[in-house]
Amino acid sequence: MSVPKLTLNNGVEMPALGFGVFQTPPDETRAAVEAALSTGYRHIDTAAAYGNERQVGEAVAASGIDRDEVFLETKIWISDYGYEQTLHGFDKSARKLGVDQIDLLILHQALPSEFGKTLQAYRALETLYADGKVRAVGVSNFMVEHLTALLDHATVVPAVNQIEVHPYFTQREVLAFGAEHGILTQAWAPIGGITFYRDTGHRSTIEDPVIGEIGKAHSKTPAQVMLRWHLQQGRSAIPKSVRPQRIAENFDVFDFDLTDEQLAAIDDLDTGKRGGPEPADITLASFGRPIPEQ
C-alpha cells in the first residue's frame with residue numbers, strides 16, 4: 001500500500017505517515033527500519049542527537065529500495081548551531097546516513113537564550129537548500145514566538161514544524177499559526193507515547209475510554225485511531241516502535257475514516273499538559289552535548 005503524500009510549501013512531496021526512531025538504541029535501529037521499509041513506510045525520521053543516523057542509512061541502503069523512493073529526515077542538534085557549525089552538522093549527518101542529499105533537514109529545538117545562534121543555524125539551512133543539498137528545511141519544537149521571530153529574518157519559510165501533538169496535548173495555537181503561514185505540522189509522540197513512558201500527570205492515551213470506544217466502532221486499536229486522527233486533520237505523523245507487529249499495526253490506518261463527531265471527541269481530550277521539556281528551558285548548559293563526527 002502506498003502512503004498518501006503531503007505537499008510541502010516548496011512543492012516537495014512527503015509521505016504523510018513516517019517512521020520515527022527517537023530513543024531507539026543504535027543496535028536495534030537497523031532491524032526496526034528494515035521492518036518499517038518492508039511494511040511499506042517510505043519516510044524515516046531520525047536526528048543527530050538520537051545517535052542512530054548511521055544505522056538508519058545502513059537499513060535504507062540494504063533495503064534495495066531506490067534512494068529517491070525513501071524520504072529521509074534528520075535534525076541538527078543545538079550544540080551545532082551557528083552558521084558554519086550547522087553547515088558542518090549537515091556534513092556529519094549526510095556522512096552517517098550515507099547520502100549526498102537529505103530530503104528534510106530541520107533544527108531540533110529553538111534556543112531561546114541564544115536565539116541569534118538559532119537564526120545563524122537556520123541561515124545555514126537556507127544555504128544548504130539553495131545549494132541543493134537538502135530538498136526542504138524546517139524546525140522542531142518551535143512555539144509561536146519562535147516562529148514569529150524566525151520569520152522576521154528568514155528568506156525561506158520552514159516547510160515543517162515537528163512538535164509534540166497527541167490527543168492530550170494538541171498545541172492548537174501552534175497548529176493554527178503553522179496553517180496560516182504554510183508550515184506543515186508534524187507530530188512527534190503522535191499516539192501519546194510520552195504519556196506512557198513519562199509521568200505527565202494524566203493517564204495513558206492508549207487507555208483512554210473515548211479513544212477505545214472509537215476504536216471498537218471501527219475494529220481498530222487506540223493507536224490506529226490516533227494516527228487516523230492526525231492524518232485526517234492534515235498532519236504528518238511519525239510513530240515509532242521496534243516491534244514488527246506494532247510497526248505493521250501503525251501502518252494499517254488507511255482503510256477507515258473517523259466521523260466529524262469522532263474527530264471532535266478526540267480534540268476535546270486536550271489537557272494542555274506538555275510531556276516533553278518546556279521549550280523555554282532548552283539551553284546549551286542543560287541540553288548541549290557534542291555530536292560525534294562518525
# chains A, B, ... in the order shown; residues from 1 in each chain; ligands from 1

$ select_by_dssp --residues "segment 20-127 of chain A" --states "alpha helix (DSSP H)" --output "number ranges by chain"
A: 26-39, 53-63, 83-97, 115-127

$ residues_around --residues "segment 276-283 of chain A" --least-positions-apart "5" --cutoff "8 Å" --atoms "only C-alpha atoms" --output "PyMOL selection string"
chain A and resi 109-113+141-143+164+194+288

$ residues_around --residues "Tyr83 of chain A" --least-positions-apart "2" --cutoff "8 Å" --atoms "only C-alpha atoms" --output "short mmCIF file (atom, residue, chain, number, x, y, z; two decimals) with N, CA and C atoms, in the first residue's frame"
data_model
loop_
_atom_site.label_atom_id
_atom_site.label_comp_id
_atom_site.auth_asym_id
_atom_site.auth_seq_id
_atom_site.Cartn_x
_atom_site.Cartn_y
_atom_site.Cartn_z
N TYR A 81 24.60 24.60 16.50
CA TYR A 81 24.02 25.83 15.99
C TYR A 81 25.11 26.87 15.75
N GLN A 85 28.91 25.98 11.96
CA GLN A 85 28.70 24.74 12.71
C GLN A 85 27.55 23.93 12.12
N THR A 86 26.50 24.61 11.70
CA THR A 86 25.35 23.90 11.14
C THR A 86 25.66 23.33 9.76
N LEU A 87 26.43 24.07 8.97
CA LEU A 87 26.88 23.51 7.69
C LEU A 87 27.66 22.23 7.93
N LYS A 117 22.02 32.35 17.67
CA LYS A 117 22.60 31.11 17.14
C LYS A 117 21.56 30.31 16.36
N GLN A 120 21.33 31.93 12.99
CA GLN A 120 22.50 31.58 12.17
C GLN A 120 22.38 30.15 11.64
N ALA A 121 21.90 29.26 12.51
CA ALA A 121 21.73 27.87 12.09
C ALA A 121 20.70 27.78 10.97
N TYR A 122 19.62 28.52 11.09
CA TYR A 122 18.60 28.47 10.04
C TYR A 122 19.11 29.08 8.74
N ARG A 123 19.94 30.11 8.86
CA ARG A 123 20.54 30.69 7.65
C ARG A 123 21.40 29.65 6.94
N ALA A 124 22.07 28.79 7.71
CA ALA A 124 22.85 27.71 7.11
C ALA A 124 21.93 26.73 6.39
#

$ closest_atom_pairs --of "segment 49-115 of chain A" --to "segment 23-27 of chain A" --cutoff "9 Å" --atoms "only C-alpha atoms" --output "CSV"
residue,atom,partner,partner_atom,distance
A:Tyr50,CA,A:Gln23,CA,6.5
A:Gly51,CA,A:Pro26,CA,6.7
A:Asn52,CA,A:Pro26,CA,4.9
A:Glu53,CA,A:Pro26,CA,8.3
A:Arg54,CA,A:Pro26,CA,8.3
A:Gln55,CA,A:Pro26,CA,6.4
A:Val56,CA,A:Pro26,CA,8.8

$ write_last_selection --atoms "C-alpha atoms" --output "PDB file, in the first residue's frame"
ATOM      1  CA  TYR A  50      19.499  10.227  18.536  1.00  0.00           C
ATOM      2  CA  GLY A  51      22.851   8.625  17.775  1.00  0.00           C
ATOM      3  CA  ASN A  52      21.372   6.250  15.205  1.00  0.00           C
ATOM      4  CA  GLU A  53      21.667   8.040  11.851  1.00  0.00           C
ATOM      5  CA  ARG A  54      24.287   5.561  10.654  1.00  0.00           C
ATOM      6  CA  GLN A  55      22.019   2.580  11.314  1.00  0.00           C
ATOM      7  CA  VAL A  56      19.133   4.304   9.527  1.00  0.00           C
TER       8      VAL A  56
END

$ closest_residue --among "A:Gln171, A:Thr271, A:Gln186, A:Thr127" --to "Ala159 of chain A" --atoms "only C-alpha atoms"
A:Gln186

$ closest_residue --among "A:Leu17, A:Leu105, A:Ala217, A:Leu119" --to "Asp152 of chain A" --atoms "only C-alpha atoms"
A:Leu119

$ closest_residue --among "A:Met14, A:Leu8, A:Leu128, A:Ala36" --to "Arg243 of chain A" --atoms "only C-alpha atoms"
A:Ala36

$ residues_around --residues "Ala176 of chain A" --least-positions-apart "2" --cutoff "12 Å" --atoms "only C-alpha atoms" --output "list in words"
Met143, Val144, Asn161, Thr170, Gln171, Arg172, Glu173, Val174, Gly178, Ala179, Glu180, His181, Gly182, Ile183, Leu184, Thr185, Gln233 and Arg235 of chain A

$ closest_residue --among "A:Lys133, A:Lys273, A:Val70, A:His108" --to "Phe90 of chain A" --atoms "only C-alpha atoms"
A:Lys133
